[in-house]
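Source file my_file04.txt; content: compact mmCIF, N, CA and C atoms.
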# COMPACT_ATOMS: atom_id res chain seq x y z
N MET H 1 -47.52 34.01 -65.95
CA MET H 1 -47.51 33.11 -67.09
C MET H 1 -47.77 33.90 -68.38
N VAL H 2 -47.00 33.60 -69.38
CA VAL H 2 -47.10 34.29 -70.66
C VAL H 2 -48.20 33.66 -71.51
N LYS H 3 -48.95 34.50 -72.19
CA LYS H 3 -49.96 34.00 -73.12
C LYS H 3 -49.26 33.56 -74.40
N SER H 4 -49.88 32.60 -75.09
CA SER H 4 -49.32 32.17 -76.37
C SER H 4 -50.39 32.32 -77.45
N ILE H 5 -49.92 32.29 -78.69
CA ILE H 5 -50.82 32.37 -79.84
C ILE H 5 -50.41 31.28 -80.82
N LYS H 6 -51.39 30.66 -81.44
CA LYS H 6 -51.11 29.62 -82.44
C LYS H 6 -50.84 30.28 -83.80
N ALA H 7 -50.10 29.58 -84.63
CA ALA H 7 -49.68 30.11 -85.93
C ALA H 7 -50.87 30.52 -86.80
N ASP H 8 -51.95 29.73 -86.80
CA ASP H 8 -53.09 30.08 -87.65
C ASP H 8 -53.77 31.37 -87.17
N GLU H 9 -53.87 31.55 -85.86
CA GLU H 9 -54.48 32.77 -85.32
C GLU H 9 -53.59 33.98 -85.61
N LEU H 10 -52.27 33.82 -85.47
CA LEU H 10 -51.37 34.92 -85.76
C LEU H 10 -51.47 35.32 -87.23
N LYS H 11 -51.55 34.34 -88.11
CA LYS H 11 -51.64 34.65 -89.54
C LYS H 11 -52.88 35.49 -89.83
N LYS H 12 -54.00 35.15 -89.19
CA LYS H 12 -55.25 35.90 -89.41
C LYS H 12 -55.19 37.32 -88.87
N ASN H 13 -54.41 37.53 -87.82
CA ASN H 13 -54.40 38.82 -87.12
C ASN H 13 -53.04 39.51 -87.12
N ARG H 14 -52.21 39.20 -88.08
CA ARG H 14 -50.83 39.71 -88.11
C ARG H 14 -50.72 41.22 -88.04
N LYS H 15 -51.64 41.91 -88.67
CA LYS H 15 -51.56 43.37 -88.72
C LYS H 15 -51.71 43.99 -87.33
N ASN H 16 -52.19 43.23 -86.36
CA ASN H 16 -52.39 43.73 -85.00
C ASN H 16 -51.16 43.53 -84.11
N TYR H 17 -50.08 43.00 -84.67
CA TYR H 17 -48.91 42.64 -83.87
C TYR H 17 -47.62 43.25 -84.39
N VAL H 18 -46.74 43.60 -83.46
CA VAL H 18 -45.33 43.82 -83.75
C VAL H 18 -44.69 42.46 -83.50
N LEU H 19 -44.08 41.88 -84.52
CA LEU H 19 -43.46 40.56 -84.41
C LEU H 19 -41.98 40.72 -84.10
N ILE H 20 -41.52 40.07 -83.04
CA ILE H 20 -40.11 40.16 -82.66
C ILE H 20 -39.49 38.77 -82.71
N ASP H 21 -38.54 38.62 -83.63
CA ASP H 21 -37.81 37.37 -83.83
C ASP H 21 -36.58 37.41 -82.93
N VAL H 22 -36.53 36.55 -81.92
CA VAL H 22 -35.43 36.60 -80.94
C VAL H 22 -34.33 35.59 -81.23
N ARG H 23 -34.34 35.00 -82.42
CA ARG H 23 -33.30 34.04 -82.79
C ARG H 23 -31.99 34.76 -83.09
N GLU H 24 -30.91 34.00 -83.12
CA GLU H 24 -29.60 34.55 -83.46
C GLU H 24 -29.51 34.75 -84.98
N GLN H 25 -28.57 35.59 -85.40
CA GLN H 25 -28.42 35.97 -86.81
C GLN H 25 -28.34 34.76 -87.74
N GLU H 26 -27.53 33.77 -87.38
CA GLU H 26 -27.34 32.62 -88.28
C GLU H 26 -28.61 31.79 -88.44
N GLU H 27 -29.52 31.88 -87.50
CA GLU H 27 -30.77 31.13 -87.59
C GLU H 27 -31.72 31.73 -88.63
N LEU H 28 -31.49 32.97 -89.00
CA LEU H 28 -32.36 33.64 -89.98
C LEU H 28 -32.19 33.07 -91.38
N LEU H 29 -31.12 32.34 -91.61
CA LEU H 29 -30.87 31.77 -92.94
C LEU H 29 -32.01 30.86 -93.38
N GLY H 30 -32.71 30.26 -92.43
CA GLY H 30 -33.85 29.41 -92.74
C GLY H 30 -35.13 30.19 -93.01
N GLY H 31 -35.07 31.52 -92.88
CA GLY H 31 -36.22 32.36 -93.13
C GLY H 31 -36.75 32.98 -91.84
N SER H 32 -37.68 33.91 -92.01
CA SER H 32 -38.35 34.53 -90.87
C SER H 32 -39.72 35.01 -91.34
N ILE H 33 -40.56 35.37 -90.41
CA ILE H 33 -41.90 35.86 -90.76
C ILE H 33 -41.75 37.27 -91.30
N ASP H 34 -42.41 37.56 -92.42
CA ASP H 34 -42.36 38.89 -93.03
C ASP H 34 -42.63 39.97 -92.00
N ASP H 35 -41.92 41.08 -92.14
CA ASP H 35 -42.10 42.28 -91.31
C ASP H 35 -41.77 42.08 -89.84
N SER H 36 -40.96 41.07 -89.54
CA SER H 36 -40.52 40.86 -88.17
C SER H 36 -39.37 41.80 -87.83
N VAL H 37 -39.28 42.15 -86.57
CA VAL H 37 -38.13 42.86 -86.03
C VAL H 37 -37.16 41.79 -85.54
N HIS H 38 -35.92 41.84 -85.99
CA HIS H 38 -34.94 40.87 -85.51
C HIS H 38 -34.22 41.48 -84.31
N LEU H 39 -34.38 40.85 -83.16
CA LEU H 39 -33.77 41.32 -81.92
C LEU H 39 -33.42 40.08 -81.09
N PRO H 40 -32.18 39.56 -81.24
CA PRO H 40 -31.81 38.36 -80.49
C PRO H 40 -32.11 38.50 -79.00
N LEU H 41 -32.39 37.39 -78.36
CA LEU H 41 -32.85 37.39 -76.97
C LEU H 41 -31.96 38.21 -76.04
N GLY H 42 -30.65 38.04 -76.12
CA GLY H 42 -29.74 38.79 -75.25
C GLY H 42 -29.87 40.29 -75.44
N GLN H 43 -29.99 40.73 -76.69
CA GLN H 43 -30.17 42.16 -76.96
C GLN H 43 -31.52 42.65 -76.44
N LEU H 44 -32.55 41.85 -76.64
CA LEU H 44 -33.88 42.22 -76.16
C LEU H 44 -33.85 42.43 -74.65
N ILE H 45 -33.22 41.50 -73.93
CA ILE H 45 -33.17 41.61 -72.47
C ILE H 45 -32.43 42.89 -72.06
N ARG H 46 -31.31 43.21 -72.72
CA ARG H 46 -30.58 44.43 -72.39
C ARG H 46 -31.43 45.67 -72.65
N LYS H 47 -32.14 45.70 -73.76
CA LYS H 47 -32.97 46.86 -74.09
C LYS H 47 -34.15 46.99 -73.13
N VAL H 48 -34.77 45.88 -72.78
CA VAL H 48 -35.88 45.91 -71.83
C VAL H 48 -35.40 46.44 -70.48
N ARG H 49 -34.25 46.01 -70.05
CA ARG H 49 -33.75 46.43 -68.73
C ARG H 49 -33.42 47.92 -68.71
N LYS H 50 -33.12 48.51 -69.87
CA LYS H 50 -32.90 49.95 -69.92
C LYS H 50 -34.19 50.72 -69.63
N THR H 51 -35.32 50.09 -69.83
CA THR H 51 -36.61 50.76 -69.59
C THR H 51 -37.07 50.61 -68.15
N GLU H 52 -36.40 49.78 -67.36
CA GLU H 52 -36.87 49.45 -66.02
C GLU H 52 -36.36 50.43 -64.96
N LYS H 53 -36.57 51.68 -65.20
CA LYS H 53 -36.22 52.70 -64.23
C LYS H 53 -37.51 53.25 -63.63
N ASP H 54 -37.47 53.61 -62.37
CA ASP H 54 -38.67 54.06 -61.67
C ASP H 54 -39.33 55.28 -62.31
N GLU H 55 -38.55 56.12 -62.98
CA GLU H 55 -39.16 57.33 -63.55
C GLU H 55 -40.01 57.06 -64.79
N PHE H 56 -39.98 55.84 -65.32
CA PHE H 56 -40.78 55.50 -66.49
C PHE H 56 -42.05 54.77 -66.08
N GLY H 57 -43.19 55.25 -66.55
CA GLY H 57 -44.45 54.55 -66.36
C GLY H 57 -44.61 53.49 -67.45
N PRO H 58 -45.67 52.67 -67.39
CA PRO H 58 -45.87 51.60 -68.39
C PRO H 58 -45.92 52.10 -69.83
N GLU H 59 -46.61 53.22 -70.08
CA GLU H 59 -46.69 53.74 -71.46
C GLU H 59 -45.32 54.20 -71.93
N GLU H 60 -44.58 54.88 -71.04
CA GLU H 60 -43.25 55.36 -71.40
C GLU H 60 -42.30 54.18 -71.65
N ARG H 61 -42.43 53.12 -70.87
CA ARG H 61 -41.59 51.93 -71.07
C ARG H 61 -41.87 51.31 -72.44
N HIS H 62 -43.14 51.24 -72.79
CA HIS H 62 -43.53 50.67 -74.07
C HIS H 62 -42.91 51.49 -75.21
N ARG H 63 -43.09 52.80 -75.16
CA ARG H 63 -42.55 53.69 -76.20
C ARG H 63 -41.02 53.57 -76.26
N LEU H 64 -40.36 53.60 -75.10
CA LEU H 64 -38.91 53.53 -75.07
C LEU H 64 -38.41 52.20 -75.64
N PHE H 65 -39.07 51.10 -75.29
CA PHE H 65 -38.66 49.81 -75.85
C PHE H 65 -38.76 49.83 -77.37
N LEU H 66 -39.86 50.36 -77.91
CA LEU H 66 -40.02 50.41 -79.36
C LEU H 66 -38.93 51.28 -80.00
N VAL H 67 -38.60 52.40 -79.37
CA VAL H 67 -37.54 53.26 -79.88
C VAL H 67 -36.21 52.50 -79.87
N LEU H 68 -35.95 51.78 -78.78
CA LEU H 68 -34.67 51.07 -78.66
C LEU H 68 -34.51 49.95 -79.68
N THR H 69 -35.61 49.40 -80.21
CA THR H 69 -35.46 48.36 -81.22
C THR H 69 -34.88 48.92 -82.51
N LYS H 70 -35.09 50.22 -82.75
CA LYS H 70 -34.60 50.92 -83.94
C LYS H 70 -35.10 50.30 -85.24
N GLN H 71 -36.19 49.54 -85.20
CA GLN H 71 -36.64 48.85 -86.40
C GLN H 71 -38.13 49.02 -86.68
N VAL H 72 -38.83 49.79 -85.87
CA VAL H 72 -40.26 49.92 -86.08
C VAL H 72 -40.67 51.39 -86.12
N ASP H 73 -41.79 51.65 -86.75
CA ASP H 73 -42.41 52.97 -86.69
C ASP H 73 -43.12 53.04 -85.34
N VAL H 74 -42.57 53.79 -84.42
CA VAL H 74 -43.05 53.80 -83.05
C VAL H 74 -44.52 54.20 -82.97
N GLU H 75 -44.90 55.26 -83.66
CA GLU H 75 -46.29 55.74 -83.57
C GLU H 75 -47.29 54.70 -84.08
N LYS H 76 -46.95 54.01 -85.15
CA LYS H 76 -47.84 52.98 -85.70
C LYS H 76 -47.85 51.72 -84.83
N SER H 77 -46.78 51.51 -84.08
CA SER H 77 -46.64 50.28 -83.31
C SER H 77 -47.20 50.36 -81.89
N LEU H 78 -47.41 51.56 -81.37
CA LEU H 78 -47.84 51.70 -79.98
C LEU H 78 -49.16 51.01 -79.69
N GLY H 79 -50.09 51.01 -80.61
CA GLY H 79 -51.39 50.40 -80.38
C GLY H 79 -51.44 48.90 -80.65
N LYS H 80 -50.32 48.34 -81.07
CA LYS H 80 -50.30 46.93 -81.44
C LYS H 80 -49.86 46.05 -80.27
N LYS H 81 -50.24 44.79 -80.37
CA LYS H 81 -49.77 43.78 -79.43
C LYS H 81 -48.36 43.38 -79.84
N ILE H 82 -47.63 42.73 -78.95
CA ILE H 82 -46.28 42.26 -79.25
C ILE H 82 -46.29 40.74 -79.24
N CYS H 83 -45.75 40.15 -80.31
CA CYS H 83 -45.61 38.70 -80.40
C CYS H 83 -44.14 38.36 -80.57
N THR H 84 -43.60 37.57 -79.65
CA THR H 84 -42.22 37.13 -79.74
C THR H 84 -42.19 35.72 -80.33
N TYR H 85 -41.09 35.41 -81.02
CA TYR H 85 -40.92 34.03 -81.49
C TYR H 85 -39.45 33.71 -81.68
N CYS H 86 -39.17 32.40 -81.63
CA CYS H 86 -37.82 31.88 -81.87
C CYS H 86 -37.99 30.66 -82.78
N SER H 87 -37.11 29.71 -82.69
CA SER H 87 -37.21 28.52 -83.55
C SER H 87 -38.37 27.60 -83.15
N PHE H 88 -38.45 27.30 -81.83
CA PHE H 88 -39.46 26.33 -81.38
C PHE H 88 -40.33 26.82 -80.22
N GLY H 89 -40.06 28.00 -79.68
CA GLY H 89 -40.94 28.57 -78.67
C GLY H 89 -40.33 28.86 -77.31
N TYR H 90 -39.22 28.24 -76.97
CA TYR H 90 -38.65 28.42 -75.63
C TYR H 90 -38.09 29.83 -75.42
N ARG H 91 -37.19 30.26 -76.31
CA ARG H 91 -36.61 31.60 -76.17
C ARG H 91 -37.64 32.69 -76.39
N GLY H 92 -38.61 32.44 -77.28
CA GLY H 92 -39.69 33.40 -77.47
C GLY H 92 -40.48 33.59 -76.18
N ASN H 93 -40.69 32.49 -75.47
CA ASN H 93 -41.40 32.56 -74.19
C ASN H 93 -40.59 33.35 -73.17
N LEU H 94 -39.27 33.12 -73.12
CA LEU H 94 -38.41 33.89 -72.20
C LEU H 94 -38.48 35.38 -72.53
N ALA H 95 -38.46 35.71 -73.82
CA ALA H 95 -38.54 37.12 -74.24
C ALA H 95 -39.87 37.73 -73.81
N ALA H 96 -40.95 36.99 -74.02
CA ALA H 96 -42.28 37.50 -73.63
C ALA H 96 -42.35 37.69 -72.13
N GLU H 97 -41.73 36.78 -71.36
CA GLU H 97 -41.70 36.93 -69.90
C GLU H 97 -40.95 38.20 -69.49
N GLU H 98 -39.81 38.46 -70.12
CA GLU H 98 -39.02 39.66 -69.82
C GLU H 98 -39.84 40.92 -70.11
N LEU H 99 -40.49 40.94 -71.26
CA LEU H 99 -41.30 42.11 -71.62
C LEU H 99 -42.45 42.30 -70.63
N THR H 100 -43.10 41.21 -70.26
CA THR H 100 -44.22 41.27 -69.32
C THR H 100 -43.75 41.76 -67.95
N LYS H 101 -42.65 41.20 -67.44
CA LYS H 101 -42.12 41.58 -66.13
C LYS H 101 -41.71 43.04 -66.08
N SER H 102 -41.28 43.58 -67.21
CA SER H 102 -40.77 44.96 -67.23
C SER H 102 -41.87 45.99 -67.04
N GLY H 103 -43.13 45.57 -67.20
CA GLY H 103 -44.23 46.51 -67.02
C GLY H 103 -44.59 47.28 -68.28
N ILE H 104 -44.06 46.84 -69.42
CA ILE H 104 -44.42 47.49 -70.68
C ILE H 104 -45.92 47.36 -70.88
N LYS H 105 -46.56 48.46 -71.25
CA LYS H 105 -48.01 48.44 -71.40
C LYS H 105 -48.37 47.98 -72.81
N ALA H 106 -48.49 46.68 -72.96
CA ALA H 106 -48.87 46.08 -74.24
C ALA H 106 -49.32 44.66 -73.96
N ASP H 107 -50.19 44.14 -74.82
CA ASP H 107 -50.51 42.72 -74.75
C ASP H 107 -49.34 41.98 -75.38
N ILE H 108 -48.77 41.05 -74.65
CA ILE H 108 -47.56 40.35 -75.10
C ILE H 108 -47.85 38.86 -75.15
N VAL H 109 -47.55 38.26 -76.31
CA VAL H 109 -47.76 36.83 -76.50
C VAL H 109 -46.52 36.21 -77.13
N ASN H 110 -46.43 34.90 -77.03
CA ASN H 110 -45.37 34.13 -77.66
C ASN H 110 -46.00 33.21 -78.71
N LEU H 111 -45.35 33.10 -79.87
CA LEU H 111 -45.84 32.20 -80.91
C LEU H 111 -45.59 30.77 -80.48
N GLU H 112 -46.66 30.05 -80.20
CA GLU H 112 -46.57 28.66 -79.74
C GLU H 112 -45.88 27.80 -80.81
N GLY H 113 -44.79 27.15 -80.43
CA GLY H 113 -44.06 26.29 -81.38
C GLY H 113 -43.07 27.06 -82.24
N GLY H 114 -43.02 28.37 -82.10
CA GLY H 114 -42.05 29.20 -82.79
C GLY H 114 -42.16 29.19 -84.31
N PHE H 115 -41.03 29.52 -84.95
CA PHE H 115 -41.01 29.60 -86.41
C PHE H 115 -41.31 28.26 -87.06
N ALA H 116 -40.95 27.16 -86.39
CA ALA H 116 -41.25 25.83 -86.93
C ALA H 116 -42.76 25.64 -87.08
N ALA H 117 -43.52 26.10 -86.09
CA ALA H 117 -44.98 25.99 -86.17
C ALA H 117 -45.52 26.88 -87.28
N TRP H 118 -44.94 28.08 -87.42
CA TRP H 118 -45.36 28.99 -88.49
C TRP H 118 -45.16 28.33 -89.85
N GLU H 119 -43.98 27.74 -90.06
CA GLU H 119 -43.70 27.08 -91.34
C GLU H 119 -44.60 25.87 -91.56
N ASN H 120 -44.83 25.08 -90.52
CA ASN H 120 -45.72 23.91 -90.65
C ASN H 120 -47.12 24.33 -91.05
N HIS H 121 -47.58 25.44 -90.51
CA HIS H 121 -48.94 25.89 -90.80
C HIS H 121 -49.03 26.65 -92.12
N ASN H 122 -48.03 27.45 -92.42
CA ASN H 122 -48.12 28.38 -93.56
C ASN H 122 -47.19 28.05 -94.73
N GLY H 123 -46.32 27.07 -94.58
CA GLY H 123 -45.35 26.81 -95.63
C GLY H 123 -44.49 28.05 -95.79
N ASN H 124 -44.24 28.47 -97.03
CA ASN H 124 -43.45 29.67 -97.29
C ASN H 124 -44.30 30.93 -97.35
N SER H 125 -45.60 30.81 -97.19
CA SER H 125 -46.48 31.96 -97.26
C SER H 125 -46.22 32.89 -96.07
N GLY H 126 -45.90 34.14 -96.35
CA GLY H 126 -45.63 35.10 -95.31
C GLY H 126 -44.25 34.93 -94.69
N THR H 127 -43.38 34.23 -95.42
CA THR H 127 -42.02 33.97 -94.92
C THR H 127 -41.02 34.61 -95.87
N LYS H 128 -40.05 35.30 -95.29
CA LYS H 128 -38.97 35.82 -96.14
C LYS H 128 -37.73 34.98 -95.88
N THR H 129 -36.93 34.80 -96.92
CA THR H 129 -35.70 34.05 -96.78
C THR H 129 -34.53 34.98 -97.11
N TYR H 130 -33.37 34.61 -96.63
CA TYR H 130 -32.18 35.44 -96.79
C TYR H 130 -31.21 34.81 -97.75
Just give me the structure as structure tokens.
Amino acid sequence: MVKSIKADELKKNRKNYVLIDVREQEELLGGSIDDSVHLPLGQLIRKVRKTEKDEFGPEERHRLFLVLTKQVDVEKSLGKKICTYCSFGYRGNLAAEELTKSGIKADIVNLEGGFAAWENHNGNSGTKTY
């Protein structure tokens, strides 16, 4: 079972997380959480599965996944937790499950209620629009 985090808790502790937005490109028009990595669910699953080789240990899987995102500073991100999110929470939960199953060595959570919960709690604060 995947752990979840509420929007207010995430806002307080954002600096401790790599945020991964798993929504599709067109969904970003409504905005996204600042400093999020955009990696649609299908792409995330393909990248995670590239790390699932026996020769990679949990730390190596974590590093390789971060490299494959091509959007984060790997060294700064290794010590952070990973938070996935989508529009309402379902796809974010699937992404968090994939990351957890892969054996990546990181605390992985899903934003409960997704971007809708973030907006309800924070309004436009901490949100970028396109």
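Considering the residues H:Leu39, H:Ser87, H:Tyr17, H:Glu97 and counting only N, CA and C atoms, Phe115 (chain H) has its shortest atom-to-atom contact with H:Ser87.
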When you look at region 55-60 of chain H with a cut-off of 9 Å (counting only C-alpha atoms), what residues show up, excluding the ones that are within fewer than 6 positions of it in the same chain? I need them as a ChimeraX atom specification. /H:78,102-106
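Minimum atom-to-atom distance to Val48 (chain H), evaluated using all atoms listed in the file, belongs to H:Leu99 out of H:Ile108, H:Ala7, H:Val22, H:Leu99.
Minimum atom-to-atom distance to Val72 (chain H), evaluated using only C-alpha atoms, belongs to H:Asp35 out of H:Asp35, H:Glu24, H:Glu119, H:Glu112.
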When DSSP is applied to the backbone of this structure, which of chain H are assigned strand (DSSP E)? Write them out as a PyMOL selection string. chain H and resi 3-5+17-21+32-33+37-38+81-85+108-111+127-128
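The interatomic distance for the pair CA of Val74 (chain H) and CA of Arg61 (chain H) works out to 12.2 Å.
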Secondary structure check, alpha helix (DSSP H) residues of region 37-118 of chain H, as a ChimeraX atom specification: /H:41-50,58-69,74-77,90-101,114-118
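With distances restricted to only C-alpha atoms, H:Arg23 is the closest residue to Arg91 (chain H) from H:His62, H:Lys76, H:His121, H:Arg23.
Reported to one decimal place, the separation of atom C of Arg46 (chain H) from atom C of Asp21 (chain H) is 14.2 Å.
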Give me, as an mmCIF file with N, CA and C atoms, keeping the file's coordinate frame, all polymer residues having an atom no more than 6 Å from Ser4 (chain H), counting only N, CA and C atoms and skipping those fewer than 5 positions away in the same chain.
data_model
loop_
_atom_site.group_PDB
_atom_site.id
_atom_site.type_symbol
_atom_site.label_atom_id
_atom_site.label_comp_id
_atom_site.auth_asym_id
_atom_site.auth_seq_id
_atom_site.Cartn_x
_atom_site.Cartn_y
_atom_site.Cartn_z
ATOM 1 N N VAL H 109 -47.550 38.260 -76.310
ATOM 2 C CA VAL H 109 -47.760 36.830 -76.500
ATOM 3 C C VAL H 109 -46.520 36.210 -77.130
ATOM 4 N N ASN H 110 -46.430 34.900 -77.030
ATOM 5 C CA ASN H 110 -45.370 34.130 -77.660
ATOM 6 C C ASN H 110 -46.000 33.210 -78.710
ATOM 7 N N LEU H 111 -45.350 33.100 -79.870
ATOM 8 C CA LEU H 111 -45.840 32.200 -80.910
ATOM 9 C C LEU H 111 -45.590 30.770 -80.480
ATOM 10 N N GLU H 112 -46.660 30.050 -80.200
ATOM 11 C CA GLU H 112 -46.570 28.660 -79.740
ATOM 12 C C GLU H 112 -45.880 27.800 -80.810
#
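The nearest approach to Val18 (chain H) among the residues H:Gln43, H:Ser32, H:Lys70, H:Ile82, with only N, CA and C atoms taken into account, belongs to H:Ile82.
Note that atom N of Leu68 (chain H) and CA of Lys47 (chain H) are 7.4 Å apart.
Among H:Leu41, H:Arg14, H:Asp73, H:Lys6, the residue with the shortest atom-to-atom distance to Leu94 (chain H), counting all atoms listed in the file, is H:Leu41.
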